[in-house]
Amino acid sequence: MSARYLELSRSELESRARQAYEIYRECRVCPHACGVDRTQGQTGYCGQTDLLRVSSSVRHFGEEPPLVGTGGVGNLFITSCNMRCDYCQNFQISQLWKKQALPTAIGLERTYQSTAQQMVRLQEEGAHFIGWVSPSHVVPGLLKSLSLARDMGLKIPIIYNTNGYDALPTLKLLDGVVDIYLPDLKYAYSATAKEISRIQEYPEFSHEAVLEMYRQVGPLVLGEDGLAKRGLLVRHLLLPEDLAGTWETLCFIALEMSARVPLSLMSQYRPVHKAMSRSPLNRKITL
């Protein structure tokens, strides 16, 4: 497999990283548009400065089959998040990372050089892809790390594994960089997103973002080995009492993009974190 970023010149990839980094100076990296200067240590909704925090970098075998193969995905699990889902399965990383009782590594600041080395290590261990997990709030740092990693010999494709709450100008800087977009379209209704994930206008931003992803890479394309080569694969997590608006989400995918876009319909919801004390989130789904 040939990664798309290898088709860019070194100067172009570095230019994309510089352009993205400038967004940090009055942060508009994600739809929160906090306006803080992260290059000076200021923080907004996500609590992050311009430095990267990676909670772990491991080969992962729990993704969809076309992404796993025999070597798995070399996932970088990014600390913090630009959403606050009451039922987040990774709430220790996304929401509690500042707590003193948690391992120091969850909040460990890493240099771009160190993150680049992690990506190369995962490639050497046999990963088929590098997965950026929850990357929406740190795209500039990841682009800089990718630029360094390519100089170190990184050549496997990039998976952008996101909650869908992405800013369009930031995504445009990833055109020709990301091979596979893996967004989780979470909600069809803004009121639901605001109530249980603490964000504004989720459907509007996520639909705009996913349409841009589709424009860049089209539907998922598989190679002869069954592994994904490039494209869009949409996830959707079923929630109790249809809080996610599943039918509306399916209609959006089929009518606004294409019925050829593959869908990973996830039924593994279980109540954790704040969901355990909130009805109807405090139960599993029924089919």
# chains A, B, ... in the order shown; residues from 1 in each chain; ligands from 1
>>> closest_atom_pairs(of="range 67-137 of chain A", to="range 261-280 of chain A", cutoff="8 Å", atoms="only C-alpha atoms", output="Markdown table")
| residue | atom | partner | partner_atom | distance |
| --- | --- | --- | --- | --- |
| A:Asp86 | CA | A:Lys274 | CA | 4.9 |
| A:Tyr87 | CA | A:Ala275 | CA | 5.0 |
| A:Cys88 | CA | A:His273 | CA | 6.9 |
| A:Gln89 | CA | A:Val272 | CA | 6.6 |
| A:Phe91 | CA | A:His273 | CA | 6.9 |
>>> write_last_selection(atoms="C-alpha atoms", output="compact mmCIF listing (two decimals), in the first residue's frame")
# COMPACT_ATOMS: atom_id res chain seq x y z
CA ASP A 86 -21.35 10.85 29.45
CA TYR A 87 -20.86 7.27 28.20
CA CYS A 88 -17.30 7.55 26.84
CA GLN A 89 -15.58 4.15 26.90
CA PHE A 91 -13.20 8.48 29.75
>>> closest_atom_pairs(of="range 80-143 of chain A", to="range 35-56 of chain A", cutoff="10 Å", atoms="only C-alpha atoms", output="JSON lines")
{"residue": "A:Ser80", "atom": "CA", "partner": "A:Cys46", "partner_atom": "CA", "distance": 6.1}
{"residue": "A:Cys81", "atom": "CA", "partner": "A:Cys46", "partner_atom": "CA", "distance": 5.7}
{"residue": "A:Asn82", "atom": "CA", "partner": "A:Cys46", "partner_atom": "CA", "distance": 5.4}
{"residue": "A:Met83", "atom": "CA", "partner": "A:Cys46", "partner_atom": "CA", "distance": 8.1}
{"residue": "A:Arg84", "atom": "CA", "partner": "A:Cys46", "partner_atom": "CA", "distance": 9.5}
{"residue": "A:Gln92", "atom": "CA", "partner": "A:Ser55", "partner_atom": "CA", "distance": 9.9}
{"residue": "A:Ile93", "atom": "CA", "partner": "A:Ser55", "partner_atom": "CA", "distance": 6.8}
{"residue": "A:Ser94", "atom": "CA", "partner": "A:Cys46", "partner_atom": "CA", "distance": 9.0}
{"residue": "A:Gln95", "atom": "CA", "partner": "A:Cys46", "partner_atom": "CA", "distance": 9.0}
{"residue": "A:Trp97", "atom": "CA", "partner": "A:Ser55", "partner_atom": "CA", "distance": 8.9}
{"residue": "A:Lys98", "atom": "CA", "partner": "A:Gly47", "partner_atom": "CA", "distance": 9.2}
{"residue": "A:Pro103", "atom": "CA", "partner": "A:Ser55", "partner_atom": "CA", "distance": 9.6}
{"residue": "A:Thr104", "atom": "CA", "partner": "A:Ser55", "partner_atom": "CA", "distance": 9.2}
{"residue": "A:Ala105", "atom": "CA", "partner": "A:Ser55", "partner_atom": "CA", "distance": 5.9}
{"residue": "A:Ile106", "atom": "CA", "partner": "A:Ser55", "partner_atom": "CA", "distance": 4.5}
{"residue": "A:Gly107", "atom": "CA", "partner": "A:Arg53", "partner_atom": "CA", "distance": 6.2}
{"residue": "A:Leu108", "atom": "CA", "partner": "A:Arg53", "partner_atom": "CA", "distance": 5.7}
{"residue": "A:Glu109", "atom": "CA", "partner": "A:Arg53", "partner_atom": "CA", "distance": 4.7}
{"residue": "A:Arg110", "atom": "CA", "partner": "A:Leu52", "partner_atom": "CA", "distance": 5.4}
{"residue": "A:Thr111", "atom": "CA", "partner": "A:Leu52", "partner_atom": "CA", "distance": 6.7}
{"residue": "A:Tyr112", "atom": "CA", "partner": "A:Leu52", "partner_atom": "CA", "distance": 7.1}
{"residue": "A:Ser114", "atom": "CA", "partner": "A:Leu52", "partner_atom": "CA", "distance": 9.7}
{"residue": "A:Thr115", "atom": "CA", "partner": "A:Val54", "partner_atom": "CA", "distance": 7.8}
{"residue": "A:Gln118", "atom": "CA", "partner": "A:Ser56", "partner_atom": "CA", "distance": 9.5}
{"residue": "A:Trp132", "atom": "CA", "partner": "A:Val54", "partner_atom": "CA", "distance": 10.0}
{"residue": "A:Val133", "atom": "CA", "partner": "A:Val54", "partner_atom": "CA", "distance": 9.7}
{"residue": "A:His137", "atom": "CA", "partner": "A:Cys46", "partner_atom": "CA", "distance": 7.0}
{"residue": "A:Val138", "atom": "CA", "partner": "A:Leu52", "partner_atom": "CA", "distance": 7.0}
{"residue": "A:Val139", "atom": "CA", "partner": "A:Leu52", "partner_atom": "CA", "distance": 9.6}
{"residue": "A:Pro140", "atom": "CA", "partner": "A:Asp50", "partner_atom": "CA", "distance": 8.2}
{"residue": "A:Gly141", "atom": "CA", "partner": "A:Leu52", "partner_atom": "CA", "distance": 6.1}
{"residue": "A:Leu142", "atom": "CA", "partner": "A:Leu52", "partner_atom": "CA", "distance": 7.8}
>>> residues_around(residues="Ile130 in chain A", least_positions_apart="2", cutoff="10 Å", atoms="only C-alpha atoms", output="number ranges by chain")
A: 57-59, 72-76, 118-120, 122-123, 127-128, 132-133, 154-160
>>> select_by_dssp(residues="range 87-145 of chain A", states="strand (DSSP E or B)", output="NGL selection string")
:A and (109-110 or 129-133)
>>> write_last_selection(atoms="N, CA, C and O atoms", output="PDB file, in the first residue's frame")
ATOM      1  N   GLU A 109       3.350  14.964  28.289  1.00  0.00           N
ATOM      2  CA  GLU A 109       3.584  15.751  27.087  1.00  0.00           C
ATOM      3  C   GLU A 109       4.726  15.131  26.292  1.00  0.00           C
ATOM      4  O   GLU A 109       5.752  14.748  26.846  1.00  0.00           O
ATOM      5  N   ARG A 110       4.531  15.024  24.989  1.00  0.00           N
ATOM      6  CA  ARG A 110       5.533  14.418  24.122  1.00  0.00           C
ATOM      7  C   ARG A 110       5.957  15.422  23.046  1.00  0.00           C
ATOM      8  O   ARG A 110       5.152  16.203  22.571  1.00  0.00           O
ATOM      9  N   PHE A 129      -1.311   0.147   9.279  1.00  0.00           N
ATOM     10  CA  PHE A 129      -1.703   1.558   9.222  1.00  0.00           C
ATOM     11  C   PHE A 129      -1.258   2.254  10.515  1.00  0.00           C
ATOM     12  O   PHE A 129      -1.011   1.602  11.525  1.00  0.00           O
ATOM     13  N   ILE A 130      -1.204   3.581  10.448  1.00  0.00           N
ATOM     14  CA  ILE A 130      -1.103   4.399  11.651  1.00  0.00           C
ATOM     15  C   ILE A 130      -2.467   5.024  11.878  1.00  0.00           C
ATOM     16  O   ILE A 130      -3.024   5.682  10.989  1.00  0.00           O
ATOM     17  N   GLY A 131      -3.035   4.821  13.053  1.00  0.00           N
ATOM     18  CA  GLY A 131      -4.335   5.384  13.391  1.00  0.00           C
ATOM     19  C   GLY A 131      -4.210   6.532  14.362  1.00  0.00           C
ATOM     20  O   GLY A 131      -3.612   6.386  15.434  1.00  0.00           O
ATOM     21  N   TRP A 132      -4.735   7.673  13.982  1.00  0.00           N
ATOM     22  CA  TRP A 132      -4.824   8.814  14.901  1.00  0.00           C
ATOM     23  C   TRP A 132      -6.200   8.755  15.554  1.00  0.00           C
ATOM     24  O   TRP A 132      -7.220   8.962  14.889  1.00  0.00           O
ATOM     25  N   VAL A 133      -6.257   8.455  16.837  1.00  0.00           N
ATOM     26  CA  VAL A 133      -7.523   8.246  17.536  1.00  0.00           C
ATOM     27  C   VAL A 133      -7.887   9.488  18.344  1.00  0.00           C
ATOM     28  O   VAL A 133      -7.126   9.909  19.219  1.00  0.00           O
TER      29      VAL A 133
END
>>> closest_atom_pairs(of="range 161-184 of chain A", to="range 228-245 of chain A", cutoff="10 Å", atoms="only C-alpha atoms", output="Markdown table")
| residue | atom | partner | partner_atom | distance |
| --- | --- | --- | --- | --- |
| A:Asn161 | CA | A:Arg235 | CA | 9.8 |
| A:Thr162 | CA | A:Arg235 | CA | 9.6 |
| A:Asn163 | CA | A:Arg235 | CA | 9.2 |
| A:Gly164 | CA | A:Val234 | CA | 9.6 |
| A:Val178 | CA | A:Arg230 | CA | 8.5 |
| A:Asp179 | CA | A:Arg230 | CA | 4.8 |
| A:Ile180 | CA | A:Gly231 | CA | 4.9 |
| A:Tyr181 | CA | A:Leu232 | CA | 4.9 |
| A:Leu182 | CA | A:Leu233 | CA | 5.3 |
| A:Pro183 | CA | A:Val234 | CA | 5.4 |
| A:Asp184 | CA | A:Arg235 | CA | 4.4 |
>>> write_last_selection(atoms="all heavy atoms", output="tab-separated table (two decimals), in the first residue's frame")
chain	number	residue	atom	x	y	z
A	161	ASN	N	-9.25	8.60	12.83
A	161	ASN	CA	-10.31	7.98	13.62
A	161	ASN	C	-10.93	9.04	14.54
A	161	ASN	O	-10.38	9.36	15.58
A	161	ASN	CB	-9.70	6.82	14.42
A	161	ASN	CG	-10.72	6.02	15.19
A	161	ASN	OD1	-11.82	6.48	15.47
A	161	ASN	ND2	-10.34	4.81	15.56
A	162	THR	N	-12.09	9.57	14.16
A	162	THR	CA	-12.60	10.78	14.78
A	162	THR	C	-14.05	10.65	15.24
A	162	THR	O	-14.80	9.80	14.75
A	162	THR	CB	-12.49	11.96	13.78
A	162	THR	OG1	-13.15	13.11	14.31
A	162	THR	CG2	-13.15	11.62	12.45
A	163	ASN	N	-14.43	11.53	16.17
A	163	ASN	CA	-15.83	11.60	16.62
A	163	ASN	C	-16.71	12.41	15.67
A	163	ASN	O	-17.91	12.56	15.92
A	163	ASN	CB	-15.91	12.18	18.03
A	163	ASN	CG	-15.25	13.54	18.15
A	163	ASN	OD1	-15.26	14.34	17.21
A	163	ASN	ND2	-14.68	13.84	19.31
A	164	GLY	N	-16.12	12.93	14.61
A	164	GLY	CA	-16.89	13.70	13.63
A	164	GLY	C	-17.03	15.17	13.92
A	164	GLY	O	-17.52	15.93	13.07
A	178	VAL	N	-4.33	12.17	4.61
A	178	VAL	CA	-5.05	11.04	5.22
A	178	VAL	C	-5.52	10.09	4.13
A	178	VAL	O	-6.06	10.51	3.09
A	178	VAL	CB	-6.24	11.54	6.06
A	178	VAL	CG1	-7.16	10.40	6.46
A	178	VAL	CG2	-5.74	12.29	7.29
A	179	ASP	N	-5.34	8.80	4.36
A	179	ASP	CA	-5.76	7.78	3.41
A	179	ASP	C	-7.17	7.28	3.70
A	179	ASP	O	-7.97	7.07	2.79
A	179	ASP	CB	-4.80	6.59	3.46
A	179	ASP	CG	-3.40	6.98	3.08
A	179	ASP	OD1	-3.07	6.92	1.88
A	179	ASP	OD2	-2.61	7.36	3.97
A	180	ILE	N	-7.47	7.07	4.97
A	180	ILE	CA	-8.75	6.50	5.37
A	180	ILE	C	-9.36	7.34	6.47
A	180	ILE	O	-8.73	7.59	7.52
A	180	ILE	CB	-8.57	5.04	5.87
A	180	ILE	CG1	-8.01	4.17	4.74
A	180	ILE	CG2	-9.89	4.48	6.40
A	180	ILE	CD1	-7.37	2.91	5.21
A	181	TYR	N	-10.57	7.80	6.23
A	181	TYR	CA	-11.31	8.53	7.27
A	181	TYR	C	-12.27	7.56	7.94
A	181	TYR	O	-13.01	6.83	7.27
A	181	TYR	CB	-12.08	9.69	6.65
A	181	TYR	CG	-11.23	10.91	6.38
A	181	TYR	CD1	-10.84	11.23	5.08
A	181	TYR	CD2	-10.82	11.75	7.41
A	181	TYR	CE1	-10.06	12.35	4.82
A	181	TYR	CE2	-10.03	12.87	7.17
A	181	TYR	CZ	-9.66	13.17	5.87
A	181	TYR	OH	-8.90	14.29	5.62
A	182	LEU	N	-12.26	7.59	9.27
A	182	LEU	CA	-13.09	6.69	10.07
A	182	LEU	C	-13.86	7.52	11.10
A	182	LEU	O	-13.56	7.49	12.30
A	182	LEU	CB	-12.19	5.65	10.76
A	182	LEU	CG	-12.85	4.52	11.54
A	182	LEU	CD1	-13.72	3.66	10.64
A	182	LEU	CD2	-11.77	3.66	12.23
A	183	PRO	N	-14.87	8.28	10.65
A	183	PRO	CA	-15.65	9.10	11.58
A	183	PRO	C	-16.79	8.31	12.22
A	183	PRO	O	-17.39	7.44	11.59
A	183	PRO	CB	-16.21	10.20	10.67
A	183	PRO	CG	-16.41	9.49	9.35
A	183	PRO	CD	-15.27	8.49	9.25
A	184	ASP	N	-17.06	8.62	13.47
A	184	ASP	CA	-18.23	8.08	14.16
A	184	ASP	C	-19.30	9.17	14.14
A	184	ASP	O	-19.19	10.16	14.86
A	184	ASP	CB	-17.86	7.70	15.59
A	184	ASP	CG	-19.03	7.11	16.38
A	184	ASP	OD1	-20.13	6.98	15.79
A	184	ASP	OD2	-18.85	6.79	17.56
>>> closest_residue(among="A:Met257, A:Val177, A:Ala149, A:Ala191", to="Arg4 in chain A", atoms="only C-alpha atoms")
A:Val177
>>> atom_distance(atom1="CA of Ser206 in chain A", atom2="CA of Ala167 in chain A")
8.6 Å
>>> closest_atom_pairs(of="range 12-129 of chain A", to="range 214-225 of chain A", cutoff="10 Å", atoms="only C-alpha atoms", output="CSV")
residue,atom,partner,partner_atom,distance
A:Pro66,CA,A:Leu222,CA,7.3
A:Leu67,CA,A:Leu222,CA,9.7
A:Gly69,CA,A:Asp225,CA,8.5
>>> residues_around(residues="Glu256 in chain A", least_positions_apart="5", cutoff="10 Å", atoms="only C-alpha atoms", output="ChimeraX atom specification")
/A:207,211,250-251
>>> residues_around(residues="Lys144 in chain A", least_positions_apart="4", cutoff="9 Å", atoms="only C-alpha atoms", output="ChimeraX atom specification")
/A:13-14,16-18,20-21,112-113,116,139-140,148-149
>>> closest_residue(among="A:Trp247, A:Glu201, A:Pro135, A:Glu63", to="Thr79 in chain A", atoms="only C-alpha atoms")
A:Pro135
>>> closest_residue(among="A:Cys34, A:Leu8, A:Cys85, A:Ile23", to="Leu281 in chain A", atoms="only C-alpha atoms")
A:Cys85
